[in-house]
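Q: final09.txt is reproduced in full below (compact mmCIF, C-alpha atoms (C1' of nucleotides)).
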# COMPACT_ATOMS: atom_id res chain seq x y z
CA MET N 124 94.82 -43.99 51.81
CA PRO N 125 92.10 -42.36 50.11
CA GLU N 126 91.82 -38.72 49.27
CA LEU N 127 88.81 -37.02 47.73
CA PRO N 128 89.09 -38.72 44.29
CA GLU N 129 89.33 -42.22 45.76
CA VAL N 130 86.42 -41.62 48.16
CA GLU N 131 84.31 -40.15 45.35
CA THR N 132 85.14 -43.14 43.11
CA ILE N 133 84.05 -45.48 45.91
CA ARG N 134 80.88 -43.45 46.50
CA ARG N 135 79.84 -43.67 42.86
CA ALA N 136 80.49 -47.41 42.70
CA LEU N 137 78.59 -48.05 45.93
CA ALA N 138 75.65 -46.01 44.67
CA GLU N 139 75.54 -48.20 41.59
CA TYR N 140 75.88 -51.39 43.60
CA CYS N 141 73.64 -50.96 46.60
CA LEU N 142 71.59 -47.75 46.52
CA ASN N 143 67.95 -48.50 47.44
CA GLU N 144 68.91 -51.91 48.80
CA THR N 145 67.51 -52.82 52.21
CA LEU N 146 69.97 -53.94 54.85
CA GLU N 147 69.33 -57.26 56.54
CA THR N 148 72.31 -57.28 58.92
CA VAL N 149 75.52 -55.43 59.68
CA SER N 150 78.16 -57.68 61.23
CA VAL N 151 80.88 -55.83 63.10
CA LYS N 152 84.02 -57.93 63.54
CA THR N 153 86.15 -55.15 65.03
CA PRO N 154 84.20 -53.06 67.57
CA ALA N 155 87.04 -50.52 67.95
CA LEU N 156 86.20 -49.09 64.50
CA ILE N 157 82.80 -47.89 65.75
CA LYS N 158 83.47 -44.58 67.44
CA ASN N 159 80.27 -43.30 68.97
CA ALA N 160 77.97 -46.25 69.60
CA SER N 161 78.01 -49.78 70.95
CA VAL N 162 78.21 -52.56 68.38
CA ASP N 163 74.68 -53.66 69.28
CA ARG N 164 73.20 -50.22 68.80
CA PHE N 165 75.18 -49.65 65.62
CA SER N 166 73.90 -52.90 64.12
CA ASN N 167 70.33 -52.53 65.35
CA GLU N 168 69.86 -48.97 64.09
CA PHE N 169 70.39 -50.03 60.47
CA HIS N 170 68.52 -53.31 60.67
CA HIS N 171 65.89 -53.54 57.89
CA LYS N 172 66.59 -49.97 56.79
CA GLN N 173 66.79 -48.96 53.14
CA LEU N 174 69.91 -47.20 51.86
CA VAL N 175 68.33 -44.15 50.25
CA GLU N 176 71.36 -41.91 49.67
CA ILE N 177 75.16 -42.05 49.65
CA GLU N 178 76.93 -38.72 49.94
CA ARG N 179 80.54 -37.64 50.26
CA ARG N 180 81.87 -34.74 52.28
CA ALA N 181 85.64 -34.33 51.92
CA LYS N 182 87.02 -37.82 52.68
CA PHE N 183 83.91 -38.96 54.56
CA LEU N 184 81.20 -41.23 53.16
CA ILE N 185 77.69 -40.63 54.52
CA PHE N 186 75.19 -43.47 54.14
CA ASN N 187 71.59 -42.41 54.69
CA PHE N 188 69.49 -45.35 55.87
CA GLU N 189 66.06 -43.72 56.13
CA ASN N 190 67.41 -40.87 58.26
CA ARG N 191 69.79 -43.01 60.26
CA TYR N 192 73.23 -41.95 59.10
CA MET N 193 76.30 -44.17 58.95
CA VAL N 194 79.42 -42.08 58.46
CA CYS N 195 82.69 -43.68 57.42
CA HIS N 196 86.25 -42.39 57.14
CA LEU N 197 88.52 -44.87 55.37
CA GLY N 198 91.71 -43.85 57.18
CA MET N 199 94.82 -44.97 55.29
CA SER N 200 93.82 -48.41 54.09
CA GLY N 201 90.04 -48.80 54.27
CA ILE N 202 88.23 -50.12 51.18
CA PHE N 203 84.78 -51.51 50.39
CA LEU N 204 84.54 -54.72 48.38
CA LYS N 205 81.57 -56.33 46.68
CA ASP N 206 83.32 -59.68 46.76
CA ALA N 207 85.86 -60.63 49.44
CA SER N 208 86.71 -64.03 47.99
CA GLN N 209 89.73 -62.66 46.12
CA SER N 210 90.92 -60.47 49.01
CA ARG N 211 94.59 -60.74 49.93
CA PHE N 212 93.70 -59.80 53.51
CA PRO N 213 90.57 -61.74 54.54
CA GLN N 214 91.71 -61.44 58.17
CA HIS N 215 91.26 -57.67 57.86
CA ILE N 216 87.58 -57.69 56.91
CA HIS N 217 85.99 -55.74 59.78
CA LEU N 218 82.38 -55.10 58.70
CA ILE N 219 80.03 -57.11 56.54
CA TRP N 220 76.74 -55.72 55.25
CA GLU N 221 74.17 -58.21 54.07
CA PHE N 222 71.24 -56.92 52.06
CA LYS N 223 67.82 -58.53 51.77
CA SER N 224 68.48 -59.15 48.09
CA GLY N 225 71.42 -61.39 49.02
CA LYS N 226 74.07 -58.84 47.97
CA ARG N 227 76.93 -58.32 50.38
CA LEU N 228 79.39 -55.54 51.01
CA TYR N 229 82.67 -55.95 52.90
CA TYR N 230 84.76 -53.30 54.65
CA GLN N 231 88.45 -54.20 54.68
CA ASP N 232 91.08 -52.15 56.50
CA VAL N 233 94.58 -53.53 57.01
CA ARG N 234 95.84 -50.71 59.23
CA LYS N 235 92.58 -50.14 61.09
CA PHE N 236 92.78 -46.34 60.91
CA GLY N 237 89.28 -46.22 59.45
CA LYS N 238 86.34 -45.12 61.59
CA PHE N 239 82.55 -45.44 61.61
CA TRP N 240 79.96 -43.26 63.34
CA LEU N 241 76.21 -43.45 63.80
CA TYR N 242 74.08 -40.27 63.71
CA ASP N 243 70.35 -39.75 64.21
CA THR N 244 70.46 -36.55 62.16
CA GLN N 245 72.47 -35.46 59.16
CA PRO N 246 76.00 -34.69 60.36
CA ASP N 247 77.18 -31.15 59.59
CA PHE N 248 81.02 -31.41 59.61
CA THR N 249 81.46 -27.84 60.81
CA ASN N 250 85.21 -28.36 61.31
CA LEU N 251 85.78 -29.06 57.61
CA GLY N 252 86.78 -26.44 55.08
CA VAL N 253 85.31 -25.69 51.68
CA GLU N 254 84.52 -28.53 49.27
CA PRO N 255 86.65 -28.10 46.10
CA PHE N 256 83.75 -28.81 43.73
CA SER N 257 81.14 -26.74 45.53
CA GLU N 258 79.90 -23.34 44.41
CA HIS N 259 81.50 -21.89 47.55
CA PHE N 260 84.98 -22.70 46.29
CA THR N 261 85.85 -19.60 44.29
CA PHE N 262 89.09 -17.81 43.53
CA GLU N 263 88.09 -15.05 45.95
CA ARG N 264 87.42 -17.58 48.70
CA LEU N 265 90.76 -19.29 48.13
CA LYS N 266 92.58 -15.96 48.15
CA ALA N 267 90.87 -14.94 51.39
CA LEU N 268 91.86 -18.25 52.98
CA ILE N 269 95.48 -18.06 51.85
CA GLN N 270 96.60 -14.49 51.90
CA HIS N 271 97.25 -13.88 55.59
CA LYS N 272 98.48 -17.35 56.55
CA LYS N 273 102.14 -17.74 57.43
CA THR N 274 102.20 -21.51 57.03
CA GLY N 275 103.72 -23.27 54.00
CA ILE N 276 101.39 -23.79 51.05
CA LYS N 277 101.63 -27.60 51.08
CA LEU N 278 100.59 -27.83 54.72
CA PHE N 279 97.80 -25.37 53.95
CA LEU N 280 96.48 -27.63 51.19
CA MET N 281 96.51 -30.67 53.45
CA ASP N 282 94.79 -28.92 56.35
CA GLN N 283 91.20 -30.19 56.10
CA SER N 284 89.85 -27.07 57.79
CA ASN N 285 90.97 -24.96 54.79
CA ILE N 286 90.01 -27.03 51.75
CA ALA N 287 88.55 -30.45 52.48
CA GLY N 288 89.64 -33.59 50.68
CA ILE N 289 93.24 -33.00 49.57
CA GLY N 290 95.86 -35.40 50.94
CA ASN N 291 99.54 -36.05 50.44
CA ILE N 292 99.57 -37.34 46.86
CA TYR N 293 97.37 -34.66 45.37
CA ALA N 294 98.97 -31.81 47.36
CA SER N 295 102.28 -32.54 45.59
CA GLU N 296 100.59 -32.98 42.21
CA ILE N 297 98.51 -29.79 42.55
CA LEU N 298 101.58 -27.71 43.42
CA PHE N 299 103.47 -29.10 40.44
CA ARG N 300 100.56 -28.26 38.13
CA ALA N 301 100.44 -24.74 39.58
CA GLY N 302 104.22 -24.27 39.37
CA ILE N 303 104.46 -23.39 43.07
CA SER N 304 107.16 -24.68 45.42
CA PRO N 305 105.78 -26.66 48.38
CA LEU N 306 108.13 -24.61 50.56
CA LYS N 307 106.54 -21.29 49.67
CA LYS N 308 104.65 -19.45 52.40
CA CYS N 309 100.95 -18.77 51.78
CA SER N 310 101.35 -15.06 52.39
CA ASP N 311 104.02 -14.85 49.66
CA LEU N 312 101.72 -16.10 46.87
CA SER N 313 100.81 -13.59 44.19
CA ASP N 314 97.30 -13.28 42.74
CA ARG N 315 98.54 -15.02 39.60
CA GLU N 316 99.87 -17.95 41.65
CA ILE N 317 96.65 -18.24 43.65
CA ARG N 318 94.73 -18.29 40.39
CA SER N 319 96.97 -21.10 39.09
CA LEU N 320 96.51 -22.96 42.32
CA TYR N 321 92.75 -22.57 42.11
CA SER N 322 92.66 -24.13 38.65
CA ALA N 323 95.16 -26.84 39.56
CA ILE N 324 93.13 -28.02 42.55
CA GLN N 325 90.05 -28.62 40.44
CA GLU N 326 91.89 -30.03 37.43
CA ILE N 327 94.04 -32.49 39.38
CA LEU N 328 91.16 -33.77 41.52
CA GLN N 329 88.77 -34.00 38.57
CA SER N 330 91.26 -35.88 36.46
CA ALA N 331 92.00 -38.31 39.33
CA ILE N 332 88.27 -39.05 39.68
CA LYS N 333 88.09 -39.66 35.94
CA ASN N 334 90.94 -42.18 36.36
CA PHE N 335 89.20 -43.97 39.26
CA GLY N 336 91.75 -42.82 41.85
CA THR N 337 95.39 -43.60 42.55
CA THR N 338 96.47 -47.11 43.63
CA TYR N 339 99.81 -47.41 45.40
CA SER N 340 99.10 -50.11 47.91
CA ALA N 341 95.80 -50.63 49.67
CA TYR N 342 93.36 -48.67 47.53
CA ARG N 343 91.13 -50.67 45.22
CA THR N 344 87.83 -49.88 43.59
CA VAL N 345 84.69 -51.56 44.96
CA SER N 346 85.16 -54.24 42.30
CA GLY N 347 88.66 -54.94 43.64
CA GLU N 348 90.46 -53.37 40.68
CA ASN N 349 93.33 -50.89 40.79
CA GLY N 350 92.69 -47.22 40.12
CA GLN N 351 94.46 -45.80 37.07
CA ASN N 352 95.61 -42.36 38.19
CA GLN N 353 99.07 -43.56 39.33
CA ASN N 354 99.89 -43.74 35.60
CA PHE N 355 99.38 -40.00 35.27
CA LEU N 356 101.24 -38.64 38.33
CA LYS N 357 103.97 -36.15 37.52
CA VAL N 358 105.97 -35.90 40.77
CA TYR N 359 104.59 -38.12 43.52
CA GLN N 360 107.03 -40.99 44.20
CA LYS N 361 109.20 -39.81 41.30
CA ALA N 362 112.26 -38.73 43.31
CA GLY N 363 115.40 -38.77 41.16
CA LEU N 364 113.46 -39.18 37.92
CA PRO N 365 113.57 -36.39 35.34
CA CYS N 366 110.79 -33.82 35.45
CA HIS N 367 108.62 -34.42 32.40
CA GLN N 368 108.66 -30.68 31.64
CA CYS N 369 112.34 -29.73 32.13
CA ALA N 370 114.22 -33.00 32.89
CA THR N 371 115.53 -31.67 36.22
CA PRO N 372 115.51 -34.54 38.78
CA ILE N 373 112.43 -34.52 41.00
CA GLU N 374 113.32 -33.92 44.64
CA LYS N 375 111.88 -35.48 47.76
CA ILE N 376 111.71 -33.54 51.01
CA ILE N 377 109.83 -34.05 54.27
CA LEU N 378 107.21 -31.46 55.24
CA GLY N 379 105.01 -31.96 58.27
CA ASN N 380 106.37 -35.50 58.57
CA ARG N 381 105.10 -36.37 55.09
CA SER N 382 107.05 -37.07 51.92
CA THR N 383 106.78 -34.22 49.47
CA PHE N 384 107.84 -34.34 45.81
CA TYR N 385 108.55 -31.39 43.56
CA CYS N 386 110.59 -30.08 40.65
CA PRO N 387 113.02 -27.44 41.95
CA ARG N 388 113.14 -25.78 38.53
CA CYS N 389 109.47 -25.72 37.52
CA GLN N 390 108.17 -24.89 40.99
CA LYS N 391 109.29 -21.55 42.42
C1' DT W 75 103.36 -25.54 65.09
C1' DC W 76 105.48 -29.80 65.49
C1' DT W 77 105.91 -34.71 66.93
C1' DG W 78 104.48 -39.11 68.00
C1' DA W 79 101.02 -42.54 68.23
C1' DC W 80 97.64 -45.46 66.20
C1' DC W 81 98.33 -50.47 62.98
C1' DT W 82 100.04 -53.69 59.55
C1' DG W 83 102.50 -55.05 55.40
C1' DC W 84 106.15 -54.50 52.28
C1' DG W 85 110.59 -53.68 50.29
C1' DA W 86 115.38 -52.45 50.85
C1' DT M 124 115.48 -55.54 60.89
C1' DC M 125 114.21 -51.06 59.86
C1' DG M 126 111.94 -47.37 57.59
C1' DC M 127 108.13 -46.06 55.10
C1' DA M 128 103.17 -45.80 53.60
C1' DG M 129 97.62 -42.16 50.57
C1' DG M 130 95.18 -39.78 57.62
C1' DT M 131 94.01 -37.78 61.86
C1' DC M 132 94.43 -36.41 66.51
C1' DA M 133 96.27 -35.42 71.17
C1' DG M 134 99.70 -33.43 73.65
C1' DA M 135 103.94 -30.82 74.21
Could the structure of this file be written out as structure tokens, please?
A:
Amino acid sequence: MPELPEVETIRRALAEYCLNETLETVSVKTPALIKNASVDRFSNEFHHKQLVEIERRAKFLIFNFENRYMVCHLGMSGIFLKDASQSRFPQHIHLIWEFKSGKRLYYQDVRKFGKFWLYDTQPDFTNLGVEPFSEHFTFERLKALIQHKKTGIKLFLMDQSNIAGIGNIYASEILFRAGISPLKKCSDLSDREIRSLYSAIQEILQSAIKNFGTTYSAYRTVSGENGQNQNFLKVYQKAGLPCHQCATPIEKIILGNRSTFYCPRCQK
DNA sequence: TCTGACCTGCGA
DNA sequence: TCGCAGGTCAGA
């Protein structure tokens, strides 16, 4: 499911809903989702702790409960809900947080690819690449990352150790915005193309955050509503439809086992 | 570098 | 009934 814009949308909504709340209990219905602790330890560590900060790194959410850290990756279908009464999949609610104030938060994940971790110190995520909205993400940095790689540019964008947070939807959309074919090799990109790519990454992600993320199936906001960014996509899931710039039919190909959409005329 | 596995629901 | 779906990882 969620790529950087969806995770950031969720982070902002959770901060509004439950920042500074004190946790009464965490009920774990599906122990397999907890990756590095027993269910008992996981629940006990957060008992009566206040949620003092919610951060995002790439597609990970980091909940700081007074220096006990709960880290969550939403996988393909994980969402947080304030109210589970309208959920279509109540059987797939795997975690329930209950706050002292009486508020509740539900973690739902149909495909169970999501994961949770417990850390005693702030996790550092050394295996992740540069954050697209950080000061470290500059044109020079992007150029240095790209210029000697022989891999295709779309696979480069989706590799979390290069730039962290881009997934399959936004990789296609970013390349369309930049006018670069997903088949092009990194090492063949000109300075001008890398500059276009640099702008496209920030513009596409920023605009998706502004639109509360892209809903195709599982993703919902914390309030259970659809995101709006699917209404603004230019190529993703548009195979056969005319390109909005040149009317050439959008093509679908498979790269790295993932569907990839592009305009063969606009993207060279 | 590529493929399959993980898991479930949905639409063709 | 089968293929596909927004992610990640292990193993070949």
Q: Starting from chain W, keep only residues with some atom at most 8 Å from an atom of chain N, counting only C-alpha atoms (C1' of nucleotides), and report them as a list in words.
A: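 Selected residues: DC76, DC80, DC81 and DT82 of chain W.
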Q: Could you jot down the atom CA of N:Asn352 to atom CA of N:Pro387 separation for me, Å, one decimal place?
A: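 Atom-to-atom, atom CA of N:Asn352 to atom CA of N:Pro387, that is 23.2 Å.
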Q: At most 10 Å is the cut-off: for each residue in chain M with any atom that close to an atom of chain N, write down the nearest atom pair and the distance in Å rounded to one decimal, counting all atoms listed in the file, chain first then increasing number, as a tab-separated table.
A:
residue	atom	partner	partner_atom	distance
M:DC127	C1'	N:Ser382	CA	9.6
M:DA128	C1'	N:Ser340	CA	8.2
M:DG129	C1'	N:Met124	CA	3.6
M:DG130	C1'	N:Gly198	CA	5.4
M:DT131	C1'	N:Gly198	CA	8.0
Q: Using all atoms listed in the file, which residues sit within 10 Å of N:Asn285 once same-chain residues fewer than 6 positions away are excluded, as a list in words?
A: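 Counting all atoms listed in the file, the residues come to Asn250, Leu251, Gly252, Val253, Glu254, Leu265, Leu268, Ile269 and Phe279 of chain N.
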Q: For the selection you just gave me, I'd like the residues written to a file as a compact mmCIF listing (two decimals), in the frame of the given file, keeping C-alpha atoms.
A:
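The new file selection23.txt reads:
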# COMPACT_ATOMS: atom_id res chain seq x y z
CA ASN N 250 85.21 -28.36 61.31
CA LEU N 251 85.78 -29.06 57.61
CA GLY N 252 86.78 -26.44 55.08
CA VAL N 253 85.31 -25.69 51.68
CA GLU N 254 84.52 -28.53 49.27
CA LEU N 265 90.76 -19.29 48.13
CA LEU N 268 91.86 -18.25 52.98
CA ILE N 269 95.48 -18.06 51.85
CA PHE N 279 97.80 -25.37 53.95
Q: Measure the distance from atom CA of N:Cys366 to atom CA of N:Gly275 in Å and round it to one decimal.
A: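 Calculated distance between atom CA of N:Cys366 and atom CA of N:Gly275 is 22.5 Å.
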Q: Interatomic distance between atom CA of N:Lys333 and atom CA of N:Cys195?
A: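 The value is 22.5 Å.
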Q: Quick one: residues within 12 Å of M:DG126, all atoms listed in the file, excluding same-chain residues fewer than 6 positions away - as a VMD selection string?
A: chain W and resid 84 to 86
Q: Within 12 Å of M:DA135, counting all atoms listed in the file, which residues show up once you throw out same-chain ones fewer than 2 positions away? Write them as a list of chain:residue names, please.
A: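 Answer for this query is W:DT75, W:DC76, W:DT77, W:DG78, M:DA133.
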Q: Which protein, DNA or RNA residues have an atom at most 12 Å from (108.4, -20.7, 46.5), counting all atoms listed in the file? List them as a VMD selection string.
A: chain N and resid 275 to 277 298 to 299 301 to 313 316 385 to 391
Q: Quick one: residues within 12 Å of N:Ala155, all atoms listed in the file, excluding same-chain residues fewer than 4 positions away - as a PyMOL selection string?
A: (chain N and resi 151+159-162+217-218+235-240) or (chain W and resi 80)
Q: Taking all atoms of chain W that the file lists and extending 4 Å past them on each side, where is the centre of the axis-aligned box and how long are its edges? Answer in Å to one decimal, as AutoDock Vina command-line options.
A:
--center_x 106.5 --center_y -40.3 --center_z 59.3 --size_x 25.7 --size_y 37.5 --size_z 25.9
Q: Hey, what's within 6 Å of N:Lys223 if we count only C-alpha atoms (C1' of nucleotides) and toss same-chain stuff fewer than 4 positions away? As a PyMOL selection string, please?
A: chain N and resi 145-147
Q: Could you write those residues out with C-alpha atoms, as a CSV table (one decimal), keeping the file's coordinate frame?
A:
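Wrote it out as selection22.csv, contents follow:
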chain,number,residue,atom,x,y,z
N,145,THR,CA,67.5,-52.8,52.2
N,146,LEU,CA,70.0,-53.9,54.8
N,147,GLU,CA,69.3,-57.3,56.5
Q: Give the answer as one residue: which of N:Phe355, N:Phe188, N:Phe212, N:Phe256 has the shortest atom-to-atom distance to N:Gln329, using all atoms listed in the file?
A: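 With all atoms listed in the file as the atom set, the closest residue is N:Phe256.
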